[in-house]
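Structure file model.txt with compact mmCIF, N, CA, C and O atoms:
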# COMPACT_ATOMS: atom_id res chain seq x y z
N MET R 3 -21.22 8.88 33.31
CA MET R 3 -20.78 9.24 34.63
C MET R 3 -20.56 7.98 35.45
O MET R 3 -21.29 7.01 35.30
N SER R 4 -19.64 8.03 36.32
CA SER R 4 -19.38 6.89 37.19
C SER R 4 -20.35 6.91 38.37
O SER R 4 -21.13 7.84 38.54
N GLU R 5 -20.27 5.88 39.20
CA GLU R 5 -21.20 5.77 40.32
C GLU R 5 -21.02 6.88 41.34
O GLU R 5 -21.95 7.26 42.03
N SER R 6 -19.81 7.40 41.45
CA SER R 6 -19.56 8.45 42.44
C SER R 6 -19.96 9.84 41.95
O SER R 6 -19.77 10.81 42.65
N GLY R 7 -20.51 9.94 40.75
CA GLY R 7 -20.96 11.22 40.23
C GLY R 7 -19.90 11.97 39.44
O GLY R 7 -20.15 13.06 38.96
N ARG R 8 -18.73 11.39 39.32
CA ARG R 8 -17.68 12.06 38.54
C ARG R 8 -17.80 11.67 37.08
O ARG R 8 -18.32 10.61 36.74
N VAL R 9 -17.29 12.52 36.22
CA VAL R 9 -17.35 12.29 34.78
C VAL R 9 -16.21 11.37 34.38
O VAL R 9 -15.06 11.57 34.80
N SER R 10 -16.52 10.38 33.56
CA SER R 10 -15.47 9.47 33.12
C SER R 10 -14.66 10.10 32.00
O SER R 10 -15.11 11.00 31.29
N GLY R 11 -13.46 9.61 31.82
CA GLY R 11 -12.58 10.13 30.78
C GLY R 11 -13.07 9.80 29.38
O GLY R 11 -12.84 10.54 28.44
N ALA R 12 -13.78 8.68 29.23
CA ALA R 12 -14.29 8.29 27.92
C ALA R 12 -15.35 9.27 27.43
O ALA R 12 -15.37 9.64 26.25
N ALA R 13 -16.22 9.72 28.32
CA ALA R 13 -17.25 10.67 27.92
C ALA R 13 -16.63 12.01 27.54
O ALA R 13 -16.99 12.63 26.54
N ARG R 14 -15.67 12.45 28.33
CA ARG R 14 -15.01 13.72 28.05
C ARG R 14 -14.23 13.64 26.73
O ARG R 14 -14.26 14.55 25.92
N GLY R 15 -13.56 12.52 26.51
CA GLY R 15 -12.76 12.36 25.30
C GLY R 15 -13.59 12.32 24.04
O GLY R 15 -13.23 12.93 23.03
N SER R 16 -14.72 11.62 24.08
CA SER R 16 -15.55 11.53 22.88
C SER R 16 -16.18 12.88 22.54
O SER R 16 -16.23 13.27 21.37
N TRP R 17 -16.67 13.61 23.55
CA TRP R 17 -17.21 14.94 23.29
C TRP R 17 -16.13 15.89 22.78
O TRP R 17 -16.39 16.73 21.91
N THR R 18 -14.93 15.77 23.32
CA THR R 18 -13.84 16.63 22.89
C THR R 18 -13.51 16.40 21.42
O THR R 18 -13.31 17.36 20.67
N VAL R 19 -13.47 15.15 21.01
CA VAL R 19 -13.15 14.84 19.60
C VAL R 19 -14.23 15.39 18.68
O VAL R 19 -13.93 16.04 17.66
N VAL R 20 -15.49 15.15 19.01
CA VAL R 20 -16.59 15.61 18.16
C VAL R 20 -16.59 17.14 18.06
O VAL R 20 -16.68 17.70 16.96
N LEU R 21 -16.48 17.81 19.19
CA LEU R 21 -16.54 19.28 19.16
C LEU R 21 -15.28 19.89 18.55
O LEU R 21 -15.36 20.94 17.90
N ALA R 22 -14.14 19.23 18.68
CA ALA R 22 -12.92 19.73 18.03
C ALA R 22 -13.06 19.63 16.51
O ALA R 22 -12.64 20.56 15.79
N LEU R 23 -13.65 18.56 16.02
CA LEU R 23 -13.87 18.44 14.57
C LEU R 23 -14.86 19.48 14.07
O LEU R 23 -14.68 20.07 13.00
N VAL R 24 -15.91 19.73 14.83
CA VAL R 24 -16.89 20.77 14.46
C VAL R 24 -16.21 22.14 14.44
O VAL R 24 -16.42 22.94 13.53
N ASP R 25 -15.35 22.39 15.42
CA ASP R 25 -14.66 23.68 15.48
C ASP R 25 -13.64 23.84 14.35
O ASP R 25 -13.48 24.94 13.81
N LEU R 26 -12.96 22.76 13.98
CA LEU R 26 -12.03 22.84 12.84
C LEU R 26 -12.77 23.12 11.54
O LEU R 26 -12.31 23.92 10.72
N LEU R 27 -13.89 22.46 11.34
CA LEU R 27 -14.71 22.73 10.15
C LEU R 27 -15.21 24.17 10.18
O LEU R 27 -15.23 24.86 9.15
N GLY R 28 -15.57 24.65 11.35
CA GLY R 28 -16.00 26.05 11.48
C GLY R 28 -14.88 27.02 11.15
O GLY R 28 -15.12 28.06 10.53
N CYS R 29 -13.66 26.70 11.55
CA CYS R 29 -12.51 27.57 11.20
C CYS R 29 -12.31 27.63 9.70
O CYS R 29 -12.03 28.69 9.14
N TYR R 30 -12.46 26.49 9.04
CA TYR R 30 -12.31 26.45 7.58
C TYR R 30 -13.40 27.29 6.91
O TYR R 30 -13.12 28.07 5.99
N LEU R 31 -14.63 27.15 7.36
CA LEU R 31 -15.72 27.94 6.78
C LEU R 31 -15.57 29.41 7.11
O LEU R 31 -15.90 30.28 6.28
N ALA R 32 -15.10 29.73 8.30
CA ALA R 32 -14.89 31.13 8.67
C ALA R 32 -13.82 31.76 7.79
O ALA R 32 -13.95 32.92 7.38
N TYR R 33 -12.78 31.00 7.49
CA TYR R 33 -11.75 31.53 6.59
C TYR R 33 -12.36 31.83 5.22
O TYR R 33 -12.12 32.89 4.65
N GLY R 34 -13.16 30.92 4.71
CA GLY R 34 -13.79 31.15 3.41
C GLY R 34 -14.77 32.30 3.42
O GLY R 34 -14.88 33.05 2.45
N ALA R 35 -15.49 32.46 4.51
CA ALA R 35 -16.49 33.53 4.58
C ALA R 35 -15.87 34.89 4.84
O ALA R 35 -16.36 35.90 4.33
N LEU R 36 -14.80 34.95 5.63
CA LEU R 36 -14.28 36.24 6.06
C LEU R 36 -13.12 36.77 5.22
O LEU R 36 -12.95 37.98 5.10
N PHE R 37 -12.30 35.89 4.66
CA PHE R 37 -11.09 36.36 4.00
C PHE R 37 -11.16 36.38 2.48
O PHE R 37 -10.28 36.94 1.84
N ILE R 38 -12.16 35.77 1.88
CA ILE R 38 -12.33 35.86 0.43
C ILE R 38 -13.00 37.18 0.12
O ILE R 38 -14.00 37.55 0.73
N ARG R 39 -12.44 37.91 -0.81
CA ARG R 39 -12.99 39.21 -1.18
C ARG R 39 -13.41 39.19 -2.66
O ARG R 39 -12.68 38.71 -3.50
N PRO R 40 -14.59 39.72 -2.94
CA PRO R 40 -15.01 39.79 -4.34
C PRO R 40 -14.20 40.85 -5.09
O PRO R 40 -13.72 41.82 -4.50
N GLY R 41 -14.07 40.65 -6.39
CA GLY R 41 -13.34 41.61 -7.20
C GLY R 41 -14.09 42.92 -7.38
O GLY R 41 -13.50 43.95 -7.68
N GLY R 42 -15.37 42.89 -7.19
CA GLY R 42 -16.22 44.08 -7.32
C GLY R 42 -17.67 43.65 -7.26
O GLY R 42 -17.99 42.48 -7.01
N ALA R 43 -18.55 44.61 -7.49
CA ALA R 43 -19.97 44.29 -7.45
C ALA R 43 -20.37 43.35 -8.58
O ALA R 43 -21.38 42.67 -8.51
N TRP R 44 -19.56 43.28 -9.63
CA TRP R 44 -19.84 42.42 -10.77
C TRP R 44 -19.43 40.97 -10.52
O TRP R 44 -19.81 40.07 -11.27
N ASP R 45 -18.68 40.69 -9.48
CA ASP R 45 -18.16 39.35 -9.20
C ASP R 45 -19.20 38.53 -8.44
O ASP R 45 -19.07 38.25 -7.26
N ALA R 46 -20.23 38.11 -9.16
CA ALA R 46 -21.35 37.41 -8.53
C ALA R 46 -20.95 36.04 -7.98
O ALA R 46 -21.47 35.61 -6.94
N ALA R 47 -20.04 35.36 -8.64
CA ALA R 47 -19.65 34.03 -8.17
C ALA R 47 -18.97 34.10 -6.80
O ALA R 47 -19.26 33.29 -5.91
N ALA R 48 -18.08 35.06 -6.61
CA ALA R 48 -17.41 35.20 -5.32
C ALA R 48 -18.39 35.65 -4.24
O ALA R 48 -18.34 35.15 -3.11
N ILE R 49 -19.31 36.54 -4.58
CA ILE R 49 -20.30 37.01 -3.61
C ILE R 49 -21.21 35.87 -3.17
O ILE R 49 -21.49 35.70 -1.98
N GLU R 50 -21.64 35.05 -4.13
CA GLU R 50 -22.48 33.90 -3.78
C GLU R 50 -21.70 32.87 -2.97
O GLU R 50 -22.25 32.26 -2.05
N GLY R 51 -20.43 32.68 -3.27
CA GLY R 51 -19.61 31.77 -2.49
C GLY R 51 -19.41 32.25 -1.07
O GLY R 51 -19.45 31.46 -0.12
N ILE R 52 -19.19 33.55 -0.90
CA ILE R 52 -19.03 34.12 0.43
C ILE R 52 -20.33 33.99 1.21
O ILE R 52 -20.33 33.62 2.40
N ALA R 53 -21.45 34.27 0.56
CA ALA R 53 -22.75 34.16 1.22
C ALA R 53 -23.04 32.71 1.61
O ALA R 53 -23.53 32.45 2.72
N ALA R 54 -22.70 31.76 0.74
CA ALA R 54 -22.92 30.35 1.06
C ALA R 54 -22.05 29.92 2.24
O ALA R 54 -22.51 29.22 3.15
N ALA R 55 -20.79 30.34 2.24
CA ALA R 55 -19.90 30.00 3.35
C ALA R 55 -20.41 30.61 4.66
O ALA R 55 -20.34 29.99 5.72
N ALA R 56 -20.94 31.83 4.59
CA ALA R 56 -21.46 32.49 5.79
C ALA R 56 -22.72 31.79 6.30
O ALA R 56 -22.90 31.64 7.51
N VAL R 57 -23.58 31.34 5.40
CA VAL R 57 -24.78 30.60 5.81
C VAL R 57 -24.38 29.28 6.45
O VAL R 57 -24.90 28.90 7.51
N PHE R 58 -23.45 28.56 5.83
CA PHE R 58 -22.98 27.30 6.40
C PHE R 58 -22.31 27.54 7.75
O PHE R 58 -22.42 26.72 8.67
N LEU R 59 -21.61 28.67 7.89
CA LEU R 59 -20.98 29.00 9.17
C LEU R 59 -22.03 29.26 10.24
O LEU R 59 -21.87 28.83 11.39
N CYS R 60 -23.12 29.92 9.88
CA CYS R 60 -24.21 30.14 10.84
C CYS R 60 -24.85 28.82 11.26
O CYS R 60 -25.11 28.59 12.45
N VAL R 61 -25.10 27.95 10.29
CA VAL R 61 -25.70 26.65 10.60
C VAL R 61 -24.77 25.82 11.47
O VAL R 61 -25.20 25.21 12.45
N LEU R 62 -23.49 25.82 11.15
CA LEU R 62 -22.52 25.07 11.94
C LEU R 62 -22.38 25.66 13.34
O LEU R 62 -22.23 24.92 14.31
N GLY R 63 -22.45 26.98 13.46
CA GLY R 63 -22.40 27.61 14.77
C GLY R 63 -23.59 27.22 15.63
O GLY R 63 -23.44 26.91 16.82
N ALA R 64 -24.78 27.21 15.04
CA ALA R 64 -25.97 26.82 15.78
C ALA R 64 -25.91 25.34 16.17
O ALA R 64 -26.22 24.96 17.30
N LEU R 65 -25.46 24.50 15.23
CA LEU R 65 -25.32 23.08 15.53
C LEU R 65 -24.26 22.84 16.61
O LEU R 65 -24.45 22.04 17.52
N GLY R 66 -23.16 23.58 16.52
CA GLY R 66 -22.11 23.46 17.52
C GLY R 66 -22.58 23.90 18.90
O GLY R 66 -22.22 23.29 19.91
N LEU R 67 -23.39 24.95 18.95
CA LEU R 67 -23.94 25.38 20.24
C LEU R 67 -24.86 24.32 20.83
O LEU R 67 -24.81 24.04 22.03
N LEU R 68 -25.68 23.72 19.99
CA LEU R 68 -26.57 22.67 20.48
C LEU R 68 -25.78 21.45 20.94
O LEU R 68 -26.09 20.85 21.97
N LEU R 69 -24.75 21.08 20.19
CA LEU R 69 -23.93 19.93 20.57
C LEU R 69 -23.12 20.18 21.83
O LEU R 69 -22.94 19.28 22.65
N SER R 70 -22.61 21.38 21.99
CA SER R 70 -21.76 21.66 23.15
C SER R 70 -22.57 22.00 24.40
O SER R 70 -22.04 21.92 25.51
N TYR R 71 -23.83 22.33 24.26
CA TYR R 71 -24.64 22.66 25.42
C TYR R 71 -24.83 21.44 26.33
O TYR R 71 -24.78 21.57 27.55
N VAL R 72 -25.04 20.30 25.74
CA VAL R 72 -25.30 19.09 26.53
C VAL R 72 -24.13 18.74 27.45
O VAL R 72 -24.32 18.61 28.66
N PRO R 73 -22.90 18.59 26.93
CA PRO R 73 -21.81 18.24 27.85
C PRO R 73 -21.44 19.37 28.82
O PRO R 73 -21.00 19.10 29.93
N VAL R 74 -21.64 20.61 28.42
CA VAL R 74 -21.36 21.71 29.34
C VAL R 74 -22.39 21.71 30.47
O VAL R 74 -22.05 21.92 31.63
N ARG R 75 -23.63 21.46 30.14
CA ARG R 75 -24.69 21.42 31.15
C ARG R 75 -24.47 20.28 32.15
O ARG R 75 -24.70 20.43 33.34
N ARG R 76 -24.00 19.15 31.65
CA ARG R 76 -23.73 18.00 32.52
C ARG R 76 -22.44 18.16 33.32
O ARG R 76 -22.22 17.41 34.25
N GLY R 77 -21.61 19.08 32.94
CA GLY R 77 -20.33 19.27 33.62
C GLY R 77 -19.21 18.44 33.04
O GLY R 77 -18.12 18.37 33.61
N THR R 78 -19.46 17.81 31.90
CA THR R 78 -18.44 16.99 31.25
C THR R 78 -17.34 17.87 30.68
O THR R 78 -16.16 17.53 30.77
N LEU R 79 -17.71 18.99 30.09
CA LEU R 79 -16.74 19.92 29.50
C LEU R 79 -16.91 21.30 30.13
O LEU R 79 -17.96 21.63 30.67
N ALA R 80 -15.86 22.10 30.00
CA ALA R 80 -15.87 23.45 30.55
C ALA R 80 -16.74 24.38 29.69
O ALA R 80 -17.03 24.08 28.52
N ARG R 81 -17.12 25.51 30.26
CA ARG R 81 -17.96 26.48 29.54
C ARG R 81 -17.26 27.09 28.34
O ARG R 81 -17.90 27.64 27.46
N GLY R 82 -15.96 27.01 28.29
CA GLY R 82 -15.21 27.57 27.17
C GLY R 82 -15.52 26.91 25.83
O GLY R 82 -15.28 27.49 24.78
N TRP R 83 -16.08 25.71 25.87
CA TRP R 83 -16.45 25.03 24.63
C TRP R 83 -17.65 25.68 23.95
O TRP R 83 -17.93 25.39 22.79
N LEU R 84 -18.36 26.55 24.63
CA LEU R 84 -19.47 27.27 24.01
C LEU R 84 -19.01 28.47 23.20
O LEU R 84 -19.75 28.98 22.36
N LEU R 85 -17.79 28.93 23.44
CA LEU R 85 -17.31 30.14 22.79
C LEU R 85 -17.09 30.01 21.28
O LEU R 85 -17.56 30.86 20.52
N PRO R 86 -16.37 28.99 20.76
CA PRO R 86 -16.17 28.92 19.32
C PRO R 86 -17.46 28.85 18.50
O PRO R 86 -17.61 29.60 17.53
N PRO R 87 -18.44 28.00 18.87
CA PRO R 87 -19.67 28.00 18.07
C PRO R 87 -20.42 29.33 18.12
O PRO R 87 -21.00 29.76 17.12
N ALA R 88 -20.40 29.99 19.27
CA ALA R 88 -21.06 31.30 19.36
C ALA R 88 -20.35 32.32 18.49
O ALA R 88 -21.00 33.15 17.83
N ALA R 89 -19.03 32.26 18.45
CA ALA R 89 -18.27 33.17 17.59
C ALA R 89 -18.55 32.88 16.12
O ALA R 89 -18.69 33.81 15.31
N PHE R 90 -18.64 31.60 15.75
CA PHE R 90 -18.95 31.26 14.36
C PHE R 90 -20.32 31.79 13.96
O PHE R 90 -20.49 32.34 12.87
N LEU R 91 -21.28 31.65 14.83
CA LEU R 91 -22.63 32.16 14.56
C LEU R 91 -22.61 33.68 14.41
O LEU R 91 -23.19 34.23 13.47
N LEU R 92 -21.91 34.36 15.29
CA LEU R 92 -21.81 35.81 15.24
C LEU R 92 -21.10 36.29 13.98
O LEU R 92 -21.57 37.20 13.29
N PHE R 93 -19.97 35.67 13.65
CA PHE R 93 -19.22 36.06 12.45
C PHE R 93 -20.01 35.76 11.18
O PHE R 93 -19.95 36.54 10.21
N GLY R 94 -20.73 34.65 11.14
CA GLY R 94 -21.53 34.34 9.96
C GLY R 94 -22.64 35.35 9.73
O GLY R 94 -22.86 35.82 8.61
N ILE R 95 -23.32 35.73 10.80
CA ILE R 95 -24.39 36.73 10.68
C ILE R 95 -23.81 38.08 10.28
O ILE R 95 -24.36 38.78 9.42
N ALA R 96 -22.68 38.45 10.87
CA ALA R 96 -22.05 39.74 10.54
C ALA R 96 -21.60 39.77 9.08
O ALA R 96 -21.77 40.78 8.39
N ARG R 97 -21.04 38.67 8.59
CA ARG R 97 -20.58 38.64 7.20
C ARG R 97 -21.76 38.69 6.24
O ARG R 97 -21.69 39.35 5.20
N LEU R 98 -22.84 38.00 6.56
CA LEU R 98 -24.03 38.08 5.71
C LEU R 98 -24.58 39.50 5.66
O LEU R 98 -24.97 39.99 4.59
N ALA R 99 -24.63 40.16 6.80
CA ALA R 99 -25.12 41.54 6.83
C ALA R 99 -24.21 42.46 6.04
O ALA R 99 -24.68 43.34 5.31
N TYR R 100 -22.89 42.25 6.14
CA TYR R 100 -21.96 43.09 5.40
C TYR R 100 -22.07 42.86 3.90
O TYR R 100 -22.04 43.82 3.13
N ILE R 101 -22.20 41.62 3.48
CA ILE R 101 -22.32 41.32 2.05
C ILE R 101 -23.60 41.94 1.49
O ILE R 101 -23.61 42.49 0.39
N GLU R 102 -24.69 41.87 2.24
CA GLU R 102 -25.93 42.50 1.79
C GLU R 102 -25.79 44.01 1.68
O GLU R 102 -26.36 44.62 0.77
N TYR R 103 -25.03 44.60 2.57
CA TYR R 103 -24.85 46.06 2.54
C TYR R 103 -23.87 46.48 1.46
O TYR R 103 -24.13 47.42 0.71
N ALA R 104 -22.73 45.80 1.37
CA ALA R 104 -21.66 46.23 0.47
C ALA R 104 -21.94 45.84 -0.99
O ALA R 104 -21.56 46.57 -1.90
N CYS R 105 -22.56 44.72 -1.20
CA CYS R 105 -22.82 44.23 -2.56
C CYS R 105 -24.28 43.86 -2.71
O CYS R 105 -24.63 42.67 -2.76
N PRO R 106 -25.17 44.84 -2.77
CA PRO R 106 -26.61 44.52 -2.86
C PRO R 106 -26.95 43.85 -4.18
O PRO R 106 -26.35 44.15 -5.21
N VAL R 107 -27.90 42.94 -4.12
CA VAL R 107 -28.35 42.26 -5.33
C VAL R 107 -29.32 43.19 -6.03
O VAL R 107 -30.28 43.69 -5.45
N VAL R 108 -29.07 43.42 -7.31
CA VAL R 108 -29.89 44.35 -8.06
C VAL R 108 -30.91 43.62 -8.90
O VAL R 108 -30.79 42.59 -9.38

The structure in this file should be written as C-alpha cells.
Amino acid sequence: MSESGRVSGAARGSWTVVLALVDLLGCYLAYGALFIRPGGAWDAAAIEGIAAAAVFLCVLGALGLLLSYVPVRRGTLARGWLLPPAAFLLFGIARLAYIEYACPVV
C-alpha cells in the first residue's frame, strides 16, 4: 500500500497473476473431475481418476480461498475473486459424493 492508503498497482497485479493461475489450474481439474465419465461400474481406473481429480479440486479450492482471502480482506482485489475457489470446492465435494453414490466400492 502507498502512504496515502491506496493499493499500488504492483500488489494488485501480482495477486491477480497468482490467483489467475490457480483458477486456470482449477478449471483444468474441474474439467477432468466433471466431464470424464466411467464406462461402467467395472471401470475402476476412470473412477479412481475422477475421484483423484475431485480431491485435488477440493484441495485447490481450499487453497485458492485461503490465498484470495488476504487480498480481498485488504481491499487489494474485489470480492469476486472468492467465487471461483468456492465453486471449485463445491464442485469437487459434489463430484466426490456423486461418485460414491453412483459407483460404490465393493

| For range 59-71 of chain R: contacts at 8 Å, all atoms listed in the file, fewer than 2 positions along chain excluded, given as a ChimeraX atom specification | /R:17,20-21,24-25,27-28,31-32,35,52-57,73-81,83-95

| What are the DSSP helix (DSSP H, G or I) residues of chain R, as an NGL selection string? | :R and (11-37 or 46-76 or 81-104)

| query | Separation of atom C of Gly42 in chain R and atom O of Tyr103 in chain R, in Å? | reply |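 Computed distance, atom C of Gly42 in chain R to atom O of Tyr103 in chain R, equals 10.9 Å.
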
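You will find CA of Ala96 in chain R at 16.9 Å from atom O of Arg39 in chain R.
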
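Here atom C of Val72 in chain R and atom O of Tyr30 in chain R stand 25.9 Å from one another.
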
Six-sided padding of 6 Å per side, axis-aligned box over range 12-20 of chain R, centre and edges in Å, one decimal, as AutoDock Vina command-line options:
--center_x -15.0 --center_y 13.0 --center_z 23.1 --size_x 16.5 --size_y 21.4 --size_z 24.3

| request: Find the residue from R:Ala13, R:Leu98, R:Val19, R:Leu26 that sits nearest to Ile49 in chain R; use only C-alpha atoms when measuring. | output: R:Leu98
